[in-house]
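See below for input_20.pdb, which holds PDB, C-alpha atoms.
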```
ATOM      1  CA  MET A  16     -14.625 -31.817  18.263
ATOM      2  CA  ILE A  17     -15.447 -29.070  15.725
ATOM      3  CA  ALA A  18     -13.037 -26.120  15.826
ATOM      4  CA  MET A  19     -14.721 -22.749  16.291
ATOM      5  CA  LYS A  20     -14.067 -20.115  13.661
ATOM      6  CA  PRO A  21     -12.098 -17.149  15.072
ATOM      7  CA  THR A  22     -14.090 -13.996  15.769
ATOM      8  CA  HIS A  23     -13.968 -11.202  13.206
ATOM      9  CA  LYS A  24     -10.894  -8.992  13.239
ATOM     10  CA  PHE A  25      -9.751  -5.921  11.316
ATOM     11  CA  PHE A  26      -6.129  -5.940  10.189
ATOM     12  CA  ASP A  27      -4.726  -2.394  10.162
ATOM     13  CA  ILE A  28      -1.935  -0.985   8.030
ATOM     14  CA  PHE A  29      -0.437   2.442   8.697
ATOM     15  CA  LEU A  30       1.462   4.009   5.807
ATOM     16  CA  ASN A  31       3.492   7.182   5.452
ATOM     17  CA  ASN A  32       2.500   8.290   1.969
ATOM     18  CA  ASP A  33       2.423  11.859   0.688
ATOM     19  CA  LEU A  34      -1.355  12.108   0.477
ATOM     20  CA  GLU A  35      -1.449  15.462  -1.289
ATOM     21  CA  LYS A  36       0.705  14.027  -4.066
ATOM     22  CA  LEU A  37      -1.410  10.870  -4.221
ATOM     23  CA  THR A  38      -4.621  12.920  -4.335
ATOM     24  CA  ASN A  39      -3.362  14.942  -7.299
ATOM     25  CA  PHE A  40      -2.267  11.737  -9.033
ATOM     26  CA  LEU A  41      -5.671  10.092  -8.613
ATOM     27  CA  ILE A  42      -7.568  13.178  -9.798
ATOM     28  CA  LEU A  43      -5.310  13.269 -12.871
ATOM     29  CA  LYS A  44      -5.997   9.593 -13.540
ATOM     30  CA  GLN A  45      -9.727  10.195 -13.313
ATOM     31  CA  ASP A  46      -9.421  12.939 -15.936
ATOM     32  CA  GLN A  47      -7.384  10.604 -18.160
ATOM     33  CA  ILE A  48      -9.991   7.855 -17.812
ATOM     34  CA  LEU A  49     -12.888  10.150 -18.696
ATOM     35  CA  SER A  50     -11.031  11.685 -21.660
ATOM     36  CA  GLY A  51     -10.221   8.256 -23.103
ATOM     37  CA  GLN A  52      -6.453   8.481 -22.572
ATOM     38  CA  ILE A  53      -6.387   5.160 -20.717
ATOM     39  CA  PRO A  54      -7.563   2.245 -22.895
ATOM     40  CA  GLY A  55      -9.967  -0.487 -21.919
ATOM     41  CA  PHE A  56     -13.049   1.542 -20.983
ATOM     42  CA  PRO A  57     -16.142   1.047 -23.177
ATOM     43  CA  LYS A  58     -17.178   4.273 -24.874
ATOM     44  CA  GLU A  59     -20.784   3.906 -23.760
ATOM     45  CA  LYS A  60     -19.635   3.660 -20.151
ATOM     46  CA  LEU A  61     -17.501   6.782 -20.400
ATOM     47  CA  GLU A  62     -20.401   8.704 -21.875
ATOM     48  CA  LYS A  63     -22.679   7.676 -19.021
ATOM     49  CA  TYR A  64     -20.619   9.012 -16.126
ATOM     50  CA  ASP A  65     -19.351  12.461 -15.312
ATOM     51  CA  LYS A  66     -16.893  13.738 -12.754
ATOM     52  CA  PHE A  67     -19.566  14.205 -10.107
ATOM     53  CA  ASN A  68     -21.091  10.763 -10.409
ATOM     54  CA  GLY A  69     -18.325   8.592  -8.941
ATOM     55  CA  PRO A  70     -16.936   7.352 -12.285
ATOM     56  CA  THR A  71     -13.848   5.666 -10.860
ATOM     57  CA  THR A  72     -16.128   3.571  -8.668
ATOM     58  CA  GLN A  73     -18.705   2.824 -11.348
ATOM     59  CA  LEU A  74     -15.951   1.914 -13.836
ATOM     60  CA  GLY A  75     -14.053  -0.199 -11.337
ATOM     61  CA  ASP A  76     -14.561  -3.415 -13.312
ATOM     62  CA  TYR A  77     -12.482  -2.042 -16.196
ATOM     63  CA  TYR A  78      -9.177  -1.284 -14.456
ATOM     64  CA  ASN A  79      -6.976  -2.243 -11.533
ATOM     65  CA  ILE A  80      -5.407   0.550  -9.540
ATOM     66  CA  PHE A  81      -2.440  -1.709  -8.807
ATOM     67  CA  ASP A  82      -1.681  -2.027 -12.532
ATOM     68  CA  LYS A  83       1.825  -0.552 -12.788
ATOM     69  CA  GLU A  84       1.481   0.304 -16.471
ATOM     70  CA  TYR A  85      -1.280   2.883 -16.046
ATOM     71  CA  PHE A  86      -1.208   3.557 -12.306
ATOM     72  CA  GLY A  87       2.495   3.329 -11.549
ATOM     73  CA  ASP A  88       3.008   5.306  -8.348
ATOM     74  CA  ASP A  89       5.241   4.722  -5.323
ATOM     75  CA  ALA A  90       2.344   5.080  -2.870
ATOM     76  CA  LEU A  91       0.319   2.427  -4.696
ATOM     77  CA  ARG A  92       3.272   0.073  -4.862
ATOM     78  CA  ASP A  93       3.786   0.510  -1.116
ATOM     79  CA  LEU A  94       0.106  -0.169  -0.456
ATOM     80  CA  HIS A  95       0.198  -3.273  -2.642
ATOM     81  CA  ARG A  96       3.175  -4.634  -0.718
ATOM     82  CA  GLU A  97       1.647  -3.878   2.672
ATOM     83  CA  LEU A  98      -1.623  -5.551   1.684
ATOM     84  CA  ARG A  99       0.303  -8.712   0.926
ATOM     85  CA  ASP A 100       1.730  -8.703   4.440
ATOM     86  CA  ALA A 101      -1.656  -7.926   6.011
ATOM     87  CA  THR A 102      -3.255 -10.791   4.091
ATOM     88  CA  LYS A 103      -0.567 -13.133   5.362
ATOM     89  CA  GLU A 104      -1.368 -11.975   8.904
ATOM     90  CA  ALA A 105      -5.093 -12.518   8.305
ATOM     91  CA  CYS A 106      -4.428 -16.011   6.994
ATOM     92  CA  ARG A 107      -2.430 -16.899  10.109
ATOM     93  CA  TYR A 108      -5.291 -15.631  12.264
ATOM     94  CA  TYR A 109      -7.917 -17.672  10.397
ATOM     95  CA  GLY A 110      -5.730 -20.765  10.106
ATOM     96  CA  ILE A 111      -5.307 -20.521   6.334
ATOM     97  CA  ASP A 112      -2.213 -21.589   4.395
ATOM     98  CA  TYR A 113      -1.396 -18.344   2.566
ATOM     99  CA  ASP A 114       0.974 -19.885   0.022
ATOM    100  CA  SER A 115      -1.491 -22.513  -1.168
ATOM    101  CA  GLN A 116      -4.148 -19.866  -1.891
ATOM    102  CA  GLU A 117      -2.103 -18.041  -4.547
ATOM    103  CA  TYR A 118      -3.898 -14.775  -3.800
ATOM    104  CA  ILE A 119      -4.875 -12.222  -6.429
ATOM    105  CA  ILE A 120      -6.112  -8.649  -5.951
ATOM    106  CA  HIS A 121      -8.394  -6.195  -7.715
ATOM    107  CA  GLY A 122      -8.311  -2.551  -6.646
ATOM    108  CA  TRP A 123     -10.193   0.599  -7.625
ATOM    109  CA  TYR A 124     -10.723   4.002  -6.081
ATOM    110  CA  ASN A 125     -13.678   6.019  -4.916
ATOM    111  CA  LEU A 126     -13.528   9.750  -5.603
ATOM    112  CA  ASP A 127     -16.692  11.293  -4.233
ATOM    113  CA  TYR A 128     -17.731  14.903  -3.942
ATOM    114  CA  LYS A 129     -19.863  16.572  -1.297
ATOM    115  CA  THR A 130     -23.068  14.621  -0.781
ATOM    116  CA  GLN A 131     -25.985  16.399  -2.426
ATOM    117  CA  ASN A 132     -29.057  16.715  -0.223
ATOM    118  CA  ALA A 133     -27.178  15.131   2.666
ATOM    119  CA  THR A 134     -29.541  13.951   5.363
ATOM    120  CA  GLY A 135     -27.080  13.740   8.212
ATOM    121  CA  VAL A 136     -28.454  10.253   8.845
ATOM    122  CA  SER A 137     -25.831   7.546   9.233
ATOM    123  CA  PRO A 138     -26.087   4.270   7.285
ATOM    124  CA  LEU A 139     -27.394   2.737  10.490
ATOM    125  CA  LYS A 140     -30.809   4.030   9.468
ATOM    126  CA  ASN A 141     -30.339   3.670   5.730
ATOM    127  CA  GLU A 142     -30.110  -0.011   4.852
ATOM    128  CA  GLN A 143     -29.459   0.615   1.160
ATOM    129  CA  ASN A 144     -25.972   1.908   1.952
ATOM    130  CA  PHE A 145     -24.810  -1.469   3.234
ATOM    131  CA  HIS A 146     -23.163  -3.902   0.832
ATOM    132  CA  ASP A 147     -20.687  -6.769   0.766
ATOM    133  CA  HIS A 148     -18.131  -8.156  -1.684
ATOM    134  CA  MET A 149     -17.574 -11.491  -3.439
ATOM    135  CA  ALA A 150     -20.871 -12.907  -2.178
ATOM    136  CA  GLY A 151     -19.818 -12.347   1.435
ATOM    137  CA  GLU A 152     -18.279 -15.783   1.795
ATOM    138  CA  GLY A 153     -15.820 -14.852   4.548
ATOM    139  CA  ALA A 154     -12.201 -15.968   4.855
ATOM    140  CA  PRO A 155     -10.253 -16.814   2.710
ATOM    141  CA  PHE A 156     -11.976 -13.960   0.821
ATOM    142  CA  PHE A 157     -10.962 -10.486   1.977
ATOM    143  CA  HIS A 158     -11.901  -6.877   1.274
ATOM    144  CA  GLY A 159     -10.736  -3.545   2.567
ATOM    145  CA  TYR A 160     -10.005   0.079   1.835
ATOM    146  CA  TYR A 161      -7.305   2.698   2.285
ATOM    147  CA  CYS A 162      -8.098   6.279   3.265
ATOM    148  CA  VAL A 163      -6.449   8.929   1.097
ATOM    149  CA  ASN A 164      -8.812  11.671   2.223
ATOM    150  CA  ALA A 165     -11.678  10.374   4.334
ATOM    151  CA  GLU A 166     -11.551  12.458   7.499
ATOM    152  CA  PRO A 167     -13.909  13.178   9.094
ATOM    153  CA  SER A 168     -16.115  10.198   8.277
ATOM    154  CA  SER A 169     -16.936   6.691   9.407
ATOM    155  CA  THR A 170     -17.617   3.379   7.738
ATOM    156  CA  TRP A 171     -20.088   1.193   9.561
ATOM    157  CA  TYR A 172     -19.866  -2.589   9.581
ATOM    158  CA  LYS A 173     -22.491  -5.159  10.456
ATOM    159  CA  ILE A 174     -20.316  -7.807  12.005
ATOM    160  CA  ASN A 175     -21.816 -11.177  11.122
ATOM    161  CA  GLY A 176     -24.643  -9.164   9.616
ATOM    162  CA  ILE A 177     -25.876  -8.131  13.065
ATOM    163  CA  ASP A 178     -23.519  -6.285  15.415
ATOM    164  CA  LEU A 179     -22.826  -2.687  14.386
ATOM    165  CA  PHE A 180     -19.281  -1.392  14.496
ATOM    166  CA  GLU A 181     -18.171   2.146  13.672
ATOM    167  CA  ASN A 182     -14.813   2.232  11.921
ATOM    168  CA  ILE A 183     -13.649   5.837  12.295
ATOM    169  CA  ASN A 184     -11.646   6.602   9.182
ATOM    170  CA  LYS A 185      -8.045   7.767   9.446
ATOM    171  CA  ASN A 186      -6.049   9.026   6.503
ATOM    172  CA  ASN A 187      -3.038   6.908   5.528
ATOM    173  CA  ARG A 188      -4.576   3.845   7.201
ATOM    174  CA  ALA A 189      -5.713   0.757   5.347
ATOM    175  CA  ILE A 190      -7.722  -2.167   6.661
ATOM    176  CA  VAL A 191      -8.241  -5.751   5.597
ATOM    177  CA  SER A 192     -11.360  -7.632   6.688
ATOM    178  CA  GLU A 193     -12.815 -10.955   5.727
ATOM    179  CA  THR A 194     -15.966 -10.618   3.652
ATOM    180  CA  GLY A 195     -19.327 -11.549   5.117
ATOM    181  CA  HIS A 196     -19.677  -8.344   7.145
ATOM    182  CA  PRO A 197     -21.724  -5.764   5.175
ATOM    183  CA  HIS A 198     -20.551  -2.173   5.386
ATOM    184  CA  GLY A 199     -21.649   1.311   4.406
ATOM    185  CA  ARG A 200     -20.254   4.820   4.768
ATOM    186  CA  ASP A 201     -21.902   7.972   6.003
ATOM    187  CA  ASP A 202     -22.400  11.185   4.017
ATOM    188  CA  TRP A 203     -19.518  13.471   3.071
ATOM    189  CA  TYR A 204     -19.804  17.159   3.973
ATOM    190  CA  GLU A 205     -16.412  18.578   2.960
ATOM    191  CA  ASP A 206     -15.761  20.752  -0.088
ATOM    192  CA  ILE A 207     -12.745  18.674  -1.161
ATOM    193  CA  PRO A 208     -13.230  15.163  -2.596
ATOM    194  CA  ARG A 209     -13.449  12.116  -0.359
ATOM    195  CA  ILE A 210     -10.957   9.581  -1.721
ATOM    196  CA  THR A 211     -10.503   5.961  -0.725
ATOM    197  CA  ILE A 212      -8.837   3.033  -2.449
ATOM    198  CA  ALA A 213     -10.790  -0.218  -2.191
ATOM    199  CA  TYR A 214      -9.674  -3.749  -2.963
ATOM    200  CA  ASP A 215     -10.867  -7.330  -3.088
ATOM    201  CA  ILE A 216      -8.414 -10.145  -2.334
ATOM    202  CA  LYS A 217      -9.212 -13.755  -3.150
ATOM    203  CA  PRO A 218      -7.546 -17.080  -3.950
ATOM    204  CA  SER A 219      -6.924 -17.809  -7.610
ATOM    205  CA  VAL A 220      -8.676 -20.844  -9.038
ATOM    206  CA  ASP A 221      -6.698 -23.337 -11.152
ATOM    207  CA  ASP A 222      -4.083 -20.650 -11.843
ATOM    208  CA  VAL A 223      -6.665 -18.636 -13.788
ATOM    209  CA  ILE A 224      -6.466 -14.892 -13.202
ATOM    210  CA  PRO A 225      -9.616 -12.985 -14.266
ATOM    211  CA  ASP A 226      -9.431  -9.750 -16.227
ATOM    212  CA  HIS A 227      -8.168  -6.792 -14.211
ATOM    213  CA  TRP A 228      -6.922  -8.932 -11.350
ATOM    214  CA  ILE A 229      -3.215  -9.313 -10.602
ATOM    215  CA  ILE A 230      -1.086 -11.429  -8.311
ATOM    216  CA  LEU A 231      -1.033 -10.139  -4.749
TER     217      LEU A 231
END
```
Would you mind giving the structure from this file in structure tokens?
Amino acid sequence: MIAMKPTHKFFDIFLNNDLEKLTNFLILKQDQILSGQIPGFPKEKLEKYDKFNGPTTQLGDYYNIFDKEYFGDDALRDLHRELRDATKEACRYYGIDYDSQEYIIHGWYNLDYKTQNATGVSPLKNEQNFHDHMAGEGAPFFHGYYCVNAEPSSTWYKINGIDLFENINKNNRAIVSETGHPHGRDDWYEDIPRITIAYDIKPSVDDVIPDHWIIL
């Protein structure tokens, strides 16, 4: 008899971080990235993006927000630790041996300003806003995000690529979800930046850790 795969589930984490302090830290880090104070970013990439064009998202391949050397912060260390526990919980749910996977993580952050020419139309009617991570293979591959300042907004998921689910964003909450469920956020109307921390979590292969990934 073939075992049925468990239905999709979000794994929630509620933290108690000082979000004003974290916001100021992340804005400072963005300024340091764009001014070349943090190494590892190609010059041509830095010249292409400005503060209002989501540079920390577009440059996400060149850093890891959980890197203690350049992003050492108590809130990020707490998030890193909690994501490890949430991934263990997800593995138990999906019947995966966590220890044998030797998980690694890559994290970046999205700092977005007020949407220009906002339509007020949710991603439900704008297919281009939906995307997935790591080829959408599903467990044991996981993705998620942590809300630093994302209220009021929602992130919509297409569970199994079909069923729509509205994840109403709450500050200081993080989620972990298996990949394979495309998602997209709605527009942002506030005058202060919308800030989320996103992360991909996957098994390491043959003990090889790619650039800008670290052990979970």
_Using all atoms listed in the file - which residues lie no farther than 10 Å from the point (-12.9, 16.8, 10.1) in the file's frame? Write them as a list in words._
Ala165, Glu166, Pro167, Ser168, Tyr204 and Glu205 of chain A
Fewer than 5 positions away in the same chain doesn't count, so skip those; otherwise give me all residues within 10 Å of Cys106 of chain A, counting all atoms listed in the file, as a ChimeraX atom specification.
/A:100-101,111-114,116,154-157,193
Restricting to all atoms listed in the file, whichever of A:Asp127, A:Asp226, A:Glu181, A:Asp215 is closest to Gln73 of chain A is A:Asp127
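Considering only C-alpha atoms, the residue among A:Leu74, A:Ala105, A:Leu43, A:Leu98 positioned nearest to Lys58 of chain A is A:Leu74.
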Could you give me, as JSON lines, a per-residue list for segment 37-59 of chain A showing, wherever an atom lies at most 9 Å from an atom of segment 76-81 of chain A, the closest pair of atoms and their distance in Å to one decimal, using all atoms listed in the file and sorting by chain then residue number from low to high?
```
{"residue": "A:Gly55", "atom": "CA", "partner": "A:Tyr77", "partner_atom": "CA", "distance": 6.4}
{"residue": "A:Phe56", "atom": "CA", "partner": "A:Tyr77", "partner_atom": "CA", "distance": 6.0}
{"residue": "A:Pro57", "atom": "CA", "partner": "A:Tyr77", "partner_atom": "CA", "distance": 8.5}
```
| said: Could you list, as number ranges by chain, every residue matched by the PyMOL selection byres ((chain A and resi 35) around 12) in this structure? | reply: A: 31-34, 36-42, 90, 163-164, 186-187, 207-208, 210
Output for the residues just chosen: C-alpha atoms as a PDB file, keeping the file's coordinate frame:
```pdb
ATOM      1  CA  ASN A  31       3.492   7.182   5.452  1.00  0.00           C
ATOM      2  CA  ASN A  32       2.500   8.290   1.969  1.00  0.00           C
ATOM      3  CA  ASP A  33       2.423  11.859   0.688  1.00  0.00           C
ATOM      4  CA  LEU A  34      -1.355  12.108   0.477  1.00  0.00           C
ATOM      5  CA  LYS A  36       0.705  14.027  -4.066  1.00  0.00           C
ATOM      6  CA  LEU A  37      -1.410  10.870  -4.221  1.00  0.00           C
ATOM      7  CA  THR A  38      -4.621  12.920  -4.335  1.00  0.00           C
ATOM      8  CA  ASN A  39      -3.362  14.942  -7.299  1.00  0.00           C
ATOM      9  CA  PHE A  40      -2.267  11.737  -9.033  1.00  0.00           C
ATOM     10  CA  LEU A  41      -5.671  10.092  -8.613  1.00  0.00           C
ATOM     11  CA  ILE A  42      -7.568  13.178  -9.798  1.00  0.00           C
ATOM     12  CA  ALA A  90       2.344   5.080  -2.870  1.00  0.00           C
ATOM     13  CA  VAL A 163      -6.449   8.929   1.097  1.00  0.00           C
ATOM     14  CA  ASN A 164      -8.812  11.671   2.223  1.00  0.00           C
ATOM     15  CA  ASN A 186      -6.049   9.026   6.503  1.00  0.00           C
ATOM     16  CA  ASN A 187      -3.038   6.908   5.528  1.00  0.00           C
ATOM     17  CA  ILE A 207     -12.745  18.674  -1.161  1.00  0.00           C
ATOM     18  CA  PRO A 208     -13.230  15.163  -2.596  1.00  0.00           C
ATOM     19  CA  ILE A 210     -10.957   9.581  -1.721  1.00  0.00           C
TER      20      ILE A 210
END
```
Separating atom CA of Ser219 of chain A from atom CA of Lys173 of chain A, to the nearest tenth of an Å, is a gap of 27.0 Å
**Prompt:** What would the list of residues within 12 Å of (-18.3, -15.6, -1.9) (file frame) look like as a list of chain:residue names, if all atoms listed in the file are what count?
**Reply:**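 Answer for this query, in the requested form: A:Asp147, A:His148, A:Met149, A:Ala150, A:Gly151, A:Glu152, A:Gly153, A:Ala154, A:Pro155, A:Phe156, A:Phe157, A:His158, A:Glu193, A:Thr194, A:Gly195, A:His196, A:Asp215, A:Ile216, A:Lys217, A:Pro218.
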So what does the PyMOL selection byres ((chain A and resi 180) around 12) actually pick up in this one, as a short mmCIF file (atom, residue, chain, number, x, y, z; two decimals) with C-alpha atoms, in the coordinates of the input?
```
data_model
loop_
_atom_site.label_atom_id
_atom_site.label_comp_id
_atom_site.auth_asym_id
_atom_site.auth_seq_id
_atom_site.Cartn_x
_atom_site.Cartn_y
_atom_site.Cartn_z
CA HIS A 23 -13.97 -11.20 13.21
CA LYS A 24 -10.89 -8.99 13.24
CA PHE A 25 -9.75 -5.92 11.32
CA PRO A 138 -26.09 4.27 7.28
CA LEU A 139 -27.39 2.74 10.49
CA SER A 169 -16.94 6.69 9.41
CA THR A 170 -17.62 3.38 7.74
CA TRP A 171 -20.09 1.19 9.56
CA TYR A 172 -19.87 -2.59 9.58
CA LYS A 173 -22.49 -5.16 10.46
CA ILE A 174 -20.32 -7.81 12.00
CA ASN A 175 -21.82 -11.18 11.12
CA GLY A 176 -24.64 -9.16 9.62
CA ILE A 177 -25.88 -8.13 13.06
CA ASP A 178 -23.52 -6.28 15.42
CA LEU A 179 -22.83 -2.69 14.39
CA GLU A 181 -18.17 2.15 13.67
CA ASN A 182 -14.81 2.23 11.92
CA ILE A 183 -13.65 5.84 12.30
CA HIS A 196 -19.68 -8.34 7.14
CA PRO A 197 -21.72 -5.76 5.18
CA HIS A 198 -20.55 -2.17 5.39
CA GLY A 199 -21.65 1.31 4.41
CA ARG A 200 -20.25 4.82 4.77
#
```
Check: What does the distance between atom CA of Phe145 of chain A and atom CA of Lys185 of chain A come to in Å, to one decimal place?
Finding: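 For atom CA of Phe145 of chain A relative to atom CA of Lys185 of chain A, the distance reads 20.1 Å.
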Exercise for review: Have a look at A:Glu59, A:Ile224, A:Tyr214, A:Phe26 and name the one nearest to Tyr108 of chain A; count only C-alpha atoms.
Suggested key: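 Among the listed residues, A:Phe26 lies closest to Tyr108 of chain A.
Across A:Asp221, A:Glu104, A:Asp89, A:Glu62, the tightest approach to Ser192 of chain A is made by A:Glu104 when counting all atoms listed in the file.
Between atom CA of Trp228 of chain A and atom CA of His95 of chain A there is a distance of 12.6 Å.
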Closest of A:Phe29, A:Trp203, A:Tyr109, A:Tyr118 to Leu231 of chain A, counting only C-alpha atoms, is A:Tyr118
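Comparing the minimum interatomic distances between Thr71 of chain A and each of A:Gly159, A:Gly122, A:Pro54, A:Pro225, counting only C-alpha atoms, we find that A:Gly122 sits nearest.
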- Query: If you count all atoms listed in the file, which residues fall within 10 Å of Glu97 of chain A, apart from same-chain ones fewer than 4 positions away, as number ranges by chain?
  - Reply: A: 27-30, 91-93, 101-103, 189
